[in-house]
>>> print(open('final_31.cif').read())   # mmCIF, C-alpha atoms; chains and numbers go by the auth columns
data_run
loop_
_atom_site.group_PDB
_atom_site.id
_atom_site.type_symbol
_atom_site.label_atom_id
_atom_site.label_comp_id
_atom_site.label_asym_id
_atom_site.label_seq_id
_atom_site.Cartn_x
_atom_site.Cartn_y
_atom_site.Cartn_z
_atom_site.B_iso_or_equiv
_atom_site.auth_seq_id
_atom_site.auth_asym_id
ATOM 1 C CA ALA A 1 0.000 0.000 0.000 0.00 1 W
ATOM 2 C CA GLN A 2 1.091 3.545 -0.654 0.00 2 W
ATOM 3 C CA SER A 3 0.556 6.749 1.300 0.00 3 W
ATOM 4 C CA VAL A 4 1.329 10.419 0.701 0.00 4 W
ATOM 5 C CA THR A 5 2.048 13.160 3.198 0.00 5 W
ATOM 6 C CA GLN A 6 1.823 16.812 2.293 0.00 6 W
ATOM 7 C CA LEU A 7 3.314 18.560 5.260 0.00 7 W
ATOM 8 C CA ASP A 8 1.868 22.013 4.676 0.00 8 W
ATOM 9 C CA SER A 9 -1.877 22.527 4.495 0.00 9 W
ATOM 10 C CA GLN A 10 -1.440 26.138 3.400 0.00 10 W
ATOM 11 C CA VAL A 11 1.471 28.121 1.981 0.00 11 W
ATOM 12 C CA PRO A 12 1.155 31.915 1.729 0.00 12 W
ATOM 13 C CA VAL A 13 3.605 33.636 -0.585 0.00 13 W
ATOM 14 C CA PHE A 14 4.003 36.999 -2.281 0.00 14 W
ATOM 15 C CA GLU A 15 3.803 37.354 -6.030 0.00 15 W
ATOM 16 C CA GLU A 16 7.138 36.792 -7.851 0.00 16 W
ATOM 17 C CA ALA A 17 8.618 34.978 -4.842 0.00 17 W
ATOM 18 C CA PRO A 18 9.841 31.364 -5.119 0.00 18 W
ATOM 19 C CA VAL A 19 7.801 28.568 -3.580 0.00 19 W
ATOM 20 C CA GLU A 20 8.292 24.931 -2.596 0.00 20 W
ATOM 21 C CA LEU A 21 5.421 22.580 -1.772 0.00 21 W
ATOM 22 C CA ARG A 22 6.556 19.479 0.059 0.00 22 W
ATOM 23 C CA CYS A 23 5.482 15.906 -0.579 0.00 23 W
ATOM 24 C CA ASN A 24 6.710 12.692 1.014 0.00 24 W
ATOM 25 C CA TYR A 25 5.483 9.245 0.124 0.00 25 W
ATOM 26 C CA SER A 26 5.627 5.747 1.513 0.00 26 W
ATOM 27 C CA SER A 27 5.568 2.585 -0.549 0.00 27 W
ATOM 28 C CA SER A 28 6.964 -0.917 -0.483 0.00 28 W
ATOM 29 C CA VAL A 29 7.171 -1.023 -4.269 0.00 29 W
ATOM 30 C CA SER A 30 8.398 1.275 -6.997 0.00 30 W
ATOM 31 C CA VAL A 31 5.944 4.049 -7.708 0.00 31 W
ATOM 32 C CA TYR A 32 5.056 6.733 -10.176 0.00 32 W
ATOM 33 C CA LEU A 33 4.622 10.248 -8.774 0.00 33 W
ATOM 34 C CA PHE A 34 2.347 13.067 -9.811 0.00 34 W
ATOM 35 C CA TRP A 35 1.417 16.623 -8.970 0.00 35 W
ATOM 36 C CA TYR A 36 -2.081 17.839 -9.806 0.00 36 W
ATOM 37 C CA VAL A 37 -3.572 21.334 -9.412 0.00 37 W
ATOM 38 C CA GLN A 38 -7.205 22.051 -8.621 0.00 38 W
ATOM 39 C CA TYR A 39 -8.789 25.442 -9.134 0.00 39 W
ATOM 40 C CA PRO A 40 -12.020 26.250 -7.239 0.00 40 W
ATOM 41 C CA ASN A 41 -14.990 24.133 -8.300 0.00 41 W
ATOM 42 C CA GLN A 42 -12.986 22.384 -10.983 0.00 42 W
ATOM 43 C CA GLY A 43 -11.475 18.967 -11.538 0.00 43 W
ATOM 44 C CA LEU A 44 -7.790 18.165 -11.280 0.00 44 W
ATOM 45 C CA GLN A 45 -5.241 19.143 -13.916 0.00 45 W
ATOM 46 C CA LEU A 46 -1.928 17.331 -14.245 0.00 46 W
ATOM 47 C CA LEU A 47 1.075 19.582 -13.583 0.00 47 W
ATOM 48 C CA LEU A 48 3.838 17.023 -13.987 0.00 48 W
ATOM 49 C CA LYS A 49 4.720 13.395 -13.450 0.00 49 W
ATOM 50 C CA TYR A 50 7.731 11.237 -12.701 0.00 50 W
ATOM 51 C CA LEU A 51 7.748 7.823 -14.311 0.00 51 W
ATOM 52 C CA SER A 52 11.466 7.049 -14.694 0.00 52 W
ATOM 53 C CA GLY A 53 14.718 8.570 -15.886 0.00 53 W
ATOM 54 C CA SER A 54 15.843 12.048 -14.898 0.00 54 W
ATOM 55 C CA THR A 55 14.872 12.886 -11.340 0.00 55 W
ATOM 56 C CA LEU A 56 14.164 16.527 -12.219 0.00 56 W
ATOM 57 C CA VAL A 57 10.829 16.811 -13.936 0.00 57 W
ATOM 58 C CA LYS A 58 9.525 19.930 -15.622 0.00 58 W
ATOM 59 C CA GLY A 59 5.828 20.573 -15.950 0.00 59 W
ATOM 60 C CA ILE A 60 3.361 23.151 -17.135 0.00 60 W
ATOM 61 C CA ASN A 61 3.138 26.756 -15.942 0.00 61 W
ATOM 62 C CA GLY A 62 6.825 26.871 -14.955 0.00 62 W
ATOM 63 C CA PHE A 63 6.598 24.235 -12.224 0.00 63 W
ATOM 64 C CA GLU A 64 9.205 21.548 -11.645 0.00 64 W
ATOM 65 C CA ALA A 65 9.679 18.741 -9.141 0.00 65 W
ATOM 66 C CA GLU A 66 12.561 16.569 -8.040 0.00 66 W
ATOM 67 C CA PHE A 67 12.265 12.902 -7.181 0.00 67 W
ATOM 68 C CA ASN A 68 14.497 11.892 -4.285 0.00 68 W
ATOM 69 C CA LYS A 69 14.351 8.161 -3.726 0.00 69 W
ATOM 70 C CA SER A 70 16.501 8.113 -0.586 0.00 70 W
ATOM 71 C CA GLN A 71 14.312 10.712 1.105 0.00 71 W
ATOM 72 C CA THR A 72 11.098 9.400 -0.504 0.00 72 W
ATOM 73 C CA SER A 73 10.210 12.937 -1.497 0.00 73 W
ATOM 74 C CA PHE A 74 8.817 14.669 -4.554 0.00 74 W
ATOM 75 C CA HIS A 75 8.770 18.380 -3.755 0.00 75 W
ATOM 76 C CA LEU A 76 7.213 20.866 -6.172 0.00 76 W
ATOM 77 C CA ARG A 77 8.937 24.159 -6.903 0.00 77 W
ATOM 78 C CA LYS A 78 8.418 27.307 -8.886 0.00 78 W
ATOM 79 C CA PRO A 79 11.022 30.118 -9.015 0.00 79 W
ATOM 80 C CA SER A 80 8.507 32.958 -9.344 0.00 80 W
ATOM 81 C CA VAL A 81 4.796 32.612 -8.627 0.00 81 W
ATOM 82 C CA HIS A 82 1.878 34.560 -10.067 0.00 82 W
ATOM 83 C CA ILE A 83 -1.478 35.481 -8.591 0.00 83 W
ATOM 84 C CA SER A 84 -3.022 32.964 -10.979 0.00 84 W
ATOM 85 C CA ASP A 85 -1.121 30.128 -9.270 0.00 85 W
ATOM 86 C CA THR A 86 -3.446 30.417 -6.281 0.00 86 W
ATOM 87 C CA ALA A 87 -5.032 26.967 -6.087 0.00 87 W
ATOM 88 C CA GLU A 88 -4.965 23.625 -4.277 0.00 88 W
ATOM 89 C CA TYR A 89 -2.054 21.340 -5.151 0.00 89 W
ATOM 90 C CA PHE A 90 -2.176 17.582 -4.702 0.00 90 W
ATOM 91 C CA CYS A 91 0.699 15.135 -4.705 0.00 91 W
ATOM 92 C CA ALA A 92 -0.189 11.568 -5.692 0.00 92 W
ATOM 93 C CA VAL A 93 1.434 8.189 -6.151 0.00 93 W
ATOM 94 C CA SER A 94 0.452 5.069 -7.996 0.00 94 W
ATOM 95 C CA ASP A 95 1.992 1.646 -8.266 0.00 95 W
ATOM 96 C CA ARG A 96 3.392 0.670 -11.631 0.00 96 W
ATOM 97 C CA GLY A 97 0.188 -1.126 -12.511 0.00 97 W
ATOM 98 C CA PHE A 98 -1.563 2.243 -12.746 0.00 98 W
ATOM 99 C CA GLN A 99 -4.551 0.911 -10.974 0.00 99 W
ATOM 100 C CA LYS A 100 -5.308 3.851 -8.712 0.00 100 W
ATOM 101 C CA LEU A 101 -3.907 7.135 -7.503 0.00 101 W
ATOM 102 C CA VAL A 102 -3.345 7.721 -3.804 0.00 102 W
ATOM 103 C CA PHE A 103 -3.494 11.428 -3.006 0.00 103 W
ATOM 104 C CA GLY A 104 -2.198 13.578 -0.208 0.00 104 W
ATOM 105 C CA THR A 105 -4.503 15.945 1.627 0.00 105 W
ATOM 106 C CA GLY A 106 -3.425 18.888 -0.510 0.00 106 W
ATOM 107 C CA THR A 107 -1.609 22.181 -0.034 0.00 107 W
ATOM 108 C CA ARG A 108 -3.401 25.438 -0.617 0.00 108 W
ATOM 109 C CA LEU A 109 -1.080 27.958 -2.276 0.00 109 W
ATOM 110 C CA LEU A 110 -2.133 31.530 -1.593 0.00 110 W
ATOM 111 C CA VAL A 111 -0.344 34.133 -3.709 0.00 111 W
ATOM 112 C CA SER A 112 -0.838 37.742 -2.714 0.00 112 W
ATOM 113 C CA PRO A 113 0.324 40.948 -4.420 0.00 113 W
ATOM 114 C CA ASP B 1 -9.873 15.830 -28.528 0.00 1 X
ATOM 115 C CA THR B 2 -12.526 16.566 -25.915 0.00 2 X
ATOM 116 C CA GLY B 3 -11.749 15.950 -22.293 0.00 3 X
ATOM 117 C CA VAL B 4 -13.569 13.894 -19.697 0.00 4 X
ATOM 118 C CA SER B 5 -17.110 15.134 -19.156 0.00 5 X
ATOM 119 C CA GLN B 6 -19.386 14.566 -16.192 0.00 6 X
ATOM 120 C CA ASN B 7 -23.084 15.180 -15.734 0.00 7 X
ATOM 121 C CA PRO B 8 -24.684 16.682 -13.860 0.00 8 X
ATOM 122 C CA ARG B 9 -22.195 19.178 -12.457 0.00 9 X
ATOM 123 C CA HIS B 10 -24.292 19.712 -9.356 0.00 10 X
ATOM 124 C CA LYS B 11 -26.938 17.566 -7.690 0.00 11 X
ATOM 125 C CA ILE B 12 -28.974 18.415 -4.615 0.00 12 X
ATOM 126 C CA THR B 13 -31.111 15.635 -3.217 0.00 13 X
ATOM 127 C CA LYS B 14 -32.952 14.693 -0.074 0.00 14 X
ATOM 128 C CA ARG B 15 -31.734 11.954 2.199 0.00 15 X
ATOM 129 C CA GLY B 16 -33.031 8.581 1.126 0.00 16 X
ATOM 130 C CA GLN B 17 -33.320 9.399 -2.567 0.00 17 X
ATOM 131 C CA ASN B 18 -31.345 7.646 -5.292 0.00 18 X
ATOM 132 C CA VAL B 19 -28.974 9.553 -7.565 0.00 19 X
ATOM 133 C CA THR B 20 -27.052 8.634 -10.702 0.00 20 X
ATOM 134 C CA PHE B 21 -24.031 10.339 -12.198 0.00 21 X
ATOM 135 C CA ARG B 22 -22.598 9.910 -15.661 0.00 22 X
ATOM 136 C CA CYS B 23 -19.016 10.078 -16.891 0.00 23 X
ATOM 137 C CA ASP B 24 -17.931 10.193 -20.529 0.00 24 X
ATOM 138 C CA PRO B 25 -14.210 9.418 -20.807 0.00 25 X
ATOM 139 C CA ILE B 26 -11.792 10.628 -23.439 0.00 26 X
ATOM 140 C CA SER B 27 -12.470 8.752 -26.634 0.00 27 X
ATOM 141 C CA GLU B 28 -10.612 5.422 -26.859 0.00 28 X
ATOM 142 C CA HIS B 29 -9.439 5.513 -23.257 0.00 29 X
ATOM 143 C CA ASN B 30 -9.998 2.032 -21.963 0.00 30 X
ATOM 144 C CA ARG B 31 -9.484 2.689 -18.252 0.00 31 X
ATOM 145 C CA LEU B 32 -11.987 4.659 -16.206 0.00 32 X
ATOM 146 C CA TYR B 33 -11.774 5.590 -12.529 0.00 33 X
ATOM 147 C CA TRP B 34 -14.137 7.051 -9.949 0.00 34 X
ATOM 148 C CA TYR B 35 -12.898 9.038 -6.959 0.00 35 X
ATOM 149 C CA ARG B 36 -14.651 10.860 -4.131 0.00 36 X
ATOM 150 C CA GLN B 37 -13.399 14.102 -2.652 0.00 37 X
ATOM 151 C CA THR B 38 -14.746 15.566 0.564 0.00 38 X
ATOM 152 C CA LEU B 39 -14.119 19.097 1.733 0.00 39 X
ATOM 153 C CA GLY B 40 -10.499 19.733 2.655 0.00 40 X
ATOM 154 C CA GLN B 41 -9.321 16.286 1.570 0.00 41 X
ATOM 155 C CA GLY B 42 -7.629 14.760 -1.409 0.00 42 X
ATOM 156 C CA PRO B 43 -9.577 12.515 -3.753 0.00 43 X
ATOM 157 C CA GLU B 44 -10.077 8.924 -2.603 0.00 44 X
ATOM 158 C CA PHE B 45 -10.258 6.013 -5.000 0.00 45 X
ATOM 159 C CA LEU B 46 -13.632 4.297 -5.346 0.00 46 X
ATOM 160 C CA THR B 47 -13.443 1.931 -8.302 0.00 47 X
ATOM 161 C CA TYR B 48 -12.004 1.415 -11.763 0.00 48 X
ATOM 162 C CA PHE B 49 -12.872 -0.260 -15.029 0.00 49 X
ATOM 163 C CA GLN B 50 -10.775 -1.637 -17.817 0.00 50 X
ATOM 164 C CA ASN B 51 -13.098 -1.610 -20.784 0.00 51 X
ATOM 165 C CA GLU B 52 -16.402 -2.902 -19.386 0.00 52 X
ATOM 166 C CA ALA B 53 -14.860 -4.963 -16.576 0.00 53 X
ATOM 167 C CA GLN B 54 -14.883 -3.545 -13.053 0.00 54 X
ATOM 168 C CA LEU B 55 -11.493 -4.670 -11.759 0.00 55 X
ATOM 169 C CA GLU B 56 -11.164 -3.076 -8.358 0.00 56 X
ATOM 170 C CA LYS B 57 -13.483 -1.626 -5.728 0.00 57 X
ATOM 171 C CA SER B 58 -12.538 0.311 -2.624 0.00 58 X
ATOM 172 C CA ARG B 59 -13.909 -0.454 0.825 0.00 59 X
ATOM 173 C CA LEU B 60 -15.453 3.021 0.560 0.00 60 X
ATOM 174 C CA LEU B 61 -17.867 1.640 -2.020 0.00 61 X
ATOM 175 C CA SER B 62 -20.634 0.344 0.234 0.00 62 X
ATOM 176 C CA ASP B 63 -23.452 -1.812 -1.075 0.00 63 X
ATOM 177 C CA ARG B 64 -25.482 1.364 -1.673 0.00 64 X
ATOM 178 C CA PHE B 65 -23.048 2.298 -4.422 0.00 65 X
ATOM 179 C CA SER B 66 -22.951 0.664 -7.826 0.00 66 X
ATOM 180 C CA ALA B 67 -20.967 1.527 -10.911 0.00 67 X
ATOM 181 C CA GLU B 68 -21.306 0.287 -14.450 0.00 68 X
ATOM 182 C CA ARG B 69 -19.554 0.787 -17.735 0.00 69 X
ATOM 183 C CA PRO B 70 -21.649 -0.852 -20.417 0.00 70 X
ATOM 184 C CA LYS B 71 -19.796 -1.576 -23.655 0.00 71 X
ATOM 185 C CA GLY B 72 -16.679 0.001 -22.237 0.00 72 X
ATOM 186 C CA SER B 73 -17.710 3.544 -23.081 0.00 73 X
ATOM 187 C CA PHE B 74 -19.440 5.898 -20.618 0.00 74 X
ATOM 188 C CA SER B 75 -19.857 4.976 -16.977 0.00 75 X
ATOM 189 C CA THR B 76 -22.553 5.583 -14.388 0.00 76 X
ATOM 190 C CA LEU B 77 -22.254 5.746 -10.620 0.00 77 X
ATOM 191 C CA GLU B 78 -25.476 5.218 -8.686 0.00 78 X
ATOM 192 C CA ILE B 79 -25.984 5.872 -5.004 0.00 79 X
ATOM 193 C CA GLN B 80 -29.087 4.379 -3.451 0.00 80 X
ATOM 194 C CA ARG B 81 -30.750 5.662 -0.289 0.00 81 X
ATOM 195 C CA THR B 82 -28.422 8.640 -0.046 0.00 82 X
ATOM 196 C CA GLU B 83 -27.123 9.748 3.346 0.00 83 X
ATOM 197 C CA GLN B 84 -25.760 13.119 4.402 0.00 84 X
ATOM 198 C CA GLY B 85 -22.298 11.565 4.576 0.00 85 X
ATOM 199 C CA ASP B 86 -22.456 10.966 0.829 0.00 86 X
ATOM 200 C CA SER B 87 -22.162 14.711 0.214 0.00 87 X
ATOM 201 C CA ALA B 88 -18.940 15.145 -1.722 0.00 88 X
ATOM 202 C CA MET B 89 -17.441 15.851 -5.122 0.00 89 X
ATOM 203 C CA TYR B 90 -17.442 12.748 -7.314 0.00 90 X
ATOM 204 C CA LEU B 91 -14.620 12.776 -9.830 0.00 91 X
ATOM 205 C CA CYS B 92 -14.164 10.617 -12.884 0.00 92 X
ATOM 206 C CA ALA B 93 -10.865 10.069 -14.682 0.00 93 X
ATOM 207 C CA SER B 94 -9.802 8.104 -17.712 0.00 94 X
ATOM 208 C CA SER B 95 -6.536 6.804 -19.062 0.00 95 X
ATOM 209 C CA SER B 96 -5.241 4.723 -21.909 0.00 96 X
ATOM 210 C CA ARG B 97 -3.283 1.561 -21.156 0.00 97 X
ATOM 211 C CA GLY B 98 -0.070 2.039 -23.001 0.00 98 X
ATOM 212 C CA GLY B 99 3.054 2.425 -20.937 0.00 99 X
ATOM 213 C CA GLN B 100 4.070 5.986 -20.362 0.00 100 X
ATOM 214 C CA THR B 101 0.788 7.381 -21.624 0.00 101 X
ATOM 215 C CA ASP B 102 -1.084 6.084 -18.590 0.00 102 X
ATOM 216 C CA THR B 103 -1.814 9.508 -17.178 0.00 103 X
ATOM 217 C CA GLN B 104 -5.235 9.890 -15.623 0.00 104 X
ATOM 218 C CA TYR B 105 -7.209 12.833 -16.979 0.00 105 X
ATOM 219 C CA PHE B 106 -9.940 14.137 -14.710 0.00 106 X
ATOM 220 C CA GLY B 107 -13.371 15.487 -15.427 0.00 107 X
ATOM 221 C CA PRO B 108 -14.823 18.578 -13.694 0.00 108 X
ATOM 222 C CA GLY B 109 -16.664 16.484 -11.138 0.00 109 X
ATOM 223 C CA THR B 110 -20.227 16.204 -9.874 0.00 110 X
ATOM 224 C CA ARG B 111 -20.885 17.930 -6.581 0.00 111 X
ATOM 225 C CA LEU B 112 -23.499 16.075 -4.551 0.00 112 X
ATOM 226 C CA THR B 113 -25.316 17.720 -1.661 0.00 113 X
ATOM 227 C CA VAL B 114 -27.593 15.536 0.435 0.00 114 X
ATOM 228 C CA LEU B 115 -30.042 17.493 2.591 0.00 115 X
#
>>> encode(input="final_31.cif", output="structure tokens")
Amino acid sequence: AQSVTQLDSQVPVFEEAPVELRCNYSSSVSVYLFWYVQYPNQGLQLLLKYLSGSTLVKGINGFEAEFNKSQTSFHLRKPSVHISDTAEYFCAVSDRGFQKLVFGTGTRLLVSP
Amino acid sequence: DTGVSQNPRHKITKRGQNVTFRCDPISEHNRLYWYRQTLGQGPEFLTYFQNEAQLEKSRLLSDRFSAERPKGSFSTLEIQRTEQGDSAMYLCASSSRGGQTDTQYFGPGTRLTVL
């Protein structure tokens, strides 16, 4: 079984500042890792994913994440945030059978001017 | 290429009534998933289909819940005798079995409110 821990329920940040959203996972098998973003009253949109290969993954909207197997982490980063990045961000894992995603509880990113 | 669609987007019902939601996956996606998301939580897996076969069901899916995917196309999720605890956002996702293309794409969800 897999589990995901998102350590911060809310992260306030000023516009144009850098941000890091933390994600740690637990699994007894190799996993795939994902970050999704959810805007109010909408479904989830994939930001980026790690399947294999390079541990630094680049996604949409200037986001990137780094897979660290020894620390079982997959933190999301952006060097300069915009007001429009205000949303809920979910880290998720799945086993390599792709049978289901296991999500963290989410981190609300609040970007203020 | 249209995305995953879900209908209705919102449903308000009284306790004890039955409700049915529909999900239309991305064309030719053979895997379809249902998740439930309550306020302040991440989505939780309910069930998934590969083509028309329902291959896995979560413990969250009590006997009041039933899901179908006739002919491996759209899917329906029915809740019988709704309870206030069923109030949540019900999300549908689809993916295509094919190695690195197995990303799940989500629909906008159906928000259920049970009064």
>>> resolve_selection(input="final_31.cif", expression="the PyMOL selection byres ((chain X) within 12 of (chain W))", output="ChimeraX atom specification")
/X:3-6,9-10,31-50,54-58,88-111
>>> closest_residue(input="final_31.cif", among="W:Leu21, W:Leu33, W:Leu109, W:Ile60", to="W:Thr72", atoms="only C-alpha atoms")
W:Leu33
>>> residues_around(input="final_31.cif", residues="X:Pro70", least_positions_apart="2", cutoff="9 Å", atoms="all atoms listed in the file", output="PyMOL selection string")
chain X and resi 51-53+68+72-76
>>> atom_distance(input="final_31.cif", atom1="atom CA of W:Glu15", atom2="atom CA of W:Leu56")
24.1 Å
>>> closest_residue(input="final_31.cif", among="W:Val31, W:Val57, W:Val13, W:Cys23", to="W:His82", atoms="only C-alpha atoms")
W:Val13
>>> resolve_selection(input="final_31.cif", expression="the PyMOL selection byres ((chain W and resi 17) around 9)", output="PyMOL selection string")
chain W and resi 13-16+18-19+78-82
>>> residues_near_point(input="final_31.cif", point="(-1.7, 29.1, -10.9)", cutoff="9 Å", atoms="all atoms listed in the file", output="MDAnalysis selection string")
chainID W and resid 37 39 61 81:87 109 111
>>> atom_distance(input="final_31.cif", atom1="atom CA of W:Tyr32", atom2="atom CA of W:Phe74")
10.4 Å
>>> resolve_selection(input="final_31.cif", expression="the PyMOL selection byres ((chain W and resi 70) around 12)", output="list in words")
Asn24, Tyr25, Ser26, Thr55, Glu66, Phe67, Asn68, Lys69, Gln71, Thr72, Ser73 and Phe74 of chain W
>>> write_last_selection(input="final_31.cif", atoms="C-alpha atoms", output="short mmCIF file (atom, residue, chain, number, x, y, z; two decimals), keeping the file's coordinate frame")
data_model
loop_
_atom_site.label_atom_id
_atom_site.label_comp_id
_atom_site.auth_asym_id
_atom_site.auth_seq_id
_atom_site.Cartn_x
_atom_site.Cartn_y
_atom_site.Cartn_z
CA ASN W 24 6.71 12.69 1.01
CA TYR W 25 5.48 9.24 0.12
CA SER W 26 5.63 5.75 1.51
CA THR W 55 14.87 12.89 -11.34
CA GLU W 66 12.56 16.57 -8.04
CA PHE W 67 12.26 12.90 -7.18
CA ASN W 68 14.50 11.89 -4.28
CA LYS W 69 14.35 8.16 -3.73
CA GLN W 71 14.31 10.71 1.10
CA THR W 72 11.10 9.40 -0.50
CA SER W 73 10.21 12.94 -1.50
CA PHE W 74 8.82 14.67 -4.55
#
>>> atom_distance(input="final_31.cif", atom1="atom CA of X:Thr13", atom2="atom CA of X:Arg69")
23.8 Å
>>> residues_around(input="final_31.cif", residues="X:Thr20", least_positions_apart="3", cutoff="8 Å", atoms="all atoms listed in the file", output="PyMOL selection string")
chain X and resi 76-79
>>> write_last_selection(input="final_31.cif", atoms="C-alpha atoms", output="short mmCIF file (atom, residue, chain, number, x, y, z; two decimals), in the frame of the given file")
data_model
loop_
_atom_site.label_atom_id
_atom_site.label_comp_id
_atom_site.auth_asym_id
_atom_site.auth_seq_id
_atom_site.Cartn_x
_atom_site.Cartn_y
_atom_site.Cartn_z
CA THR X 76 -22.55 5.58 -14.39
CA LEU X 77 -22.25 5.75 -10.62
CA GLU X 78 -25.48 5.22 -8.69
CA ILE X 79 -25.98 5.87 -5.00
#
>>> residues_around(input="final_31.cif", residues="X:Gly16", least_positions_apart="5", cutoff="10 Å", atoms="only C-alpha atoms", output="ChimeraX atom specification")
/X:79-84,114-115
>>> build_atoms(input="final_31.cif", residues="stretch 22-33 of chain X", atoms="N, CA, C and O atoms", output="PDB file, in the coordinates of the input")
ATOM      1  N   ARG X  22     -23.147  10.464 -14.424  1.00  0.00           N
ATOM      2  CA  ARG X  22     -22.598   9.910 -15.661  1.00  0.00           C
ATOM      3  C   ARG X  22     -21.224  10.484 -15.931  1.00  0.00           C
ATOM      4  O   ARG X  22     -20.964  11.656 -15.674  1.00  0.00           O
ATOM      5  N   CYS X  23     -20.361   9.661 -16.480  1.00  0.00           N
ATOM      6  CA  CYS X  23     -19.016  10.078 -16.891  1.00  0.00           C
ATOM      7  C   CYS X  23     -18.767   9.609 -18.318  1.00  0.00           C
ATOM      8  O   CYS X  23     -18.950   8.423 -18.626  1.00  0.00           O
ATOM      9  N   ASP X  24     -18.350  10.536 -19.165  1.00  0.00           N
ATOM     10  CA  ASP X  24     -17.931  10.193 -20.529  1.00  0.00           C
ATOM     11  C   ASP X  24     -16.423  10.389 -20.616  1.00  0.00           C
ATOM     12  O   ASP X  24     -15.940  11.529 -20.535  1.00  0.00           O
ATOM     13  N   PRO X  25     -15.680   9.313 -20.786  1.00  0.00           N
ATOM     14  CA  PRO X  25     -14.210   9.418 -20.807  1.00  0.00           C
ATOM     15  C   PRO X  25     -13.714   9.981 -22.137  1.00  0.00           C
ATOM     16  O   PRO X  25     -14.484  10.158 -23.085  1.00  0.00           O
ATOM     17  N   ILE X  26     -12.424  10.250 -22.183  1.00  0.00           N
ATOM     18  CA  ILE X  26     -11.792  10.628 -23.439  1.00  0.00           C
ATOM     19  C   ILE X  26     -11.918   9.449 -24.413  1.00  0.00           C
ATOM     20  O   ILE X  26     -11.733   8.290 -24.019  1.00  0.00           O
ATOM     21  N   SER X  27     -12.234   9.788 -25.634  1.00  0.00           N
ATOM     22  CA  SER X  27     -12.470   8.752 -26.634  1.00  0.00           C
ATOM     23  C   SER X  27     -11.294   7.789 -26.725  1.00  0.00           C
ATOM     24  O   SER X  27     -10.138   8.201 -26.732  1.00  0.00           O
ATOM     25  N   GLU X  28     -11.587   6.515 -26.728  1.00  0.00           N
ATOM     26  CA  GLU X  28     -10.612   5.422 -26.859  1.00  0.00           C
ATOM     27  C   GLU X  28      -9.803   5.155 -25.598  1.00  0.00           C
ATOM     28  O   GLU X  28      -8.940   4.274 -25.598  1.00  0.00           O
ATOM     29  N   HIS X  29     -10.060   5.883 -24.529  1.00  0.00           N
ATOM     30  CA  HIS X  29      -9.439   5.513 -23.257  1.00  0.00           C
ATOM     31  C   HIS X  29     -10.126   4.271 -22.726  1.00  0.00           C
ATOM     32  O   HIS X  29     -11.355   4.247 -22.577  1.00  0.00           O
ATOM     33  N   ASN X  30      -9.350   3.258 -22.393  1.00  0.00           N
ATOM     34  CA  ASN X  30      -9.998   2.032 -21.963  1.00  0.00           C
ATOM     35  C   ASN X  30     -10.061   1.876 -20.442  1.00  0.00           C
ATOM     36  O   ASN X  30     -10.711   0.957 -19.951  1.00  0.00           O
ATOM     37  N   ARG X  31      -9.389   2.760 -19.706  1.00  0.00           N
ATOM     38  CA  ARG X  31      -9.484   2.689 -18.252  1.00  0.00           C
ATOM     39  C   ARG X  31     -10.271   3.888 -17.729  1.00  0.00           C
ATOM     40  O   ARG X  31     -10.080   5.017 -18.190  1.00  0.00           O
ATOM     41  N   LEU X  32     -11.141   3.610 -16.780  1.00  0.00           N
ATOM     42  CA  LEU X  32     -11.987   4.659 -16.206  1.00  0.00           C
ATOM     43  C   LEU X  32     -12.014   4.482 -14.701  1.00  0.00           C
ATOM     44  O   LEU X  32     -12.147   3.363 -14.189  1.00  0.00           O
ATOM     45  N   TYR X  33     -11.879   5.600 -13.990  1.00  0.00           N
ATOM     46  CA  TYR X  33     -11.774   5.590 -12.529  1.00  0.00           C
ATOM     47  C   TYR X  33     -12.820   6.537 -11.932  1.00  0.00           C
ATOM     48  O   TYR X  33     -13.119   7.581 -12.495  1.00  0.00           O
TER      49      TYR X  33
END
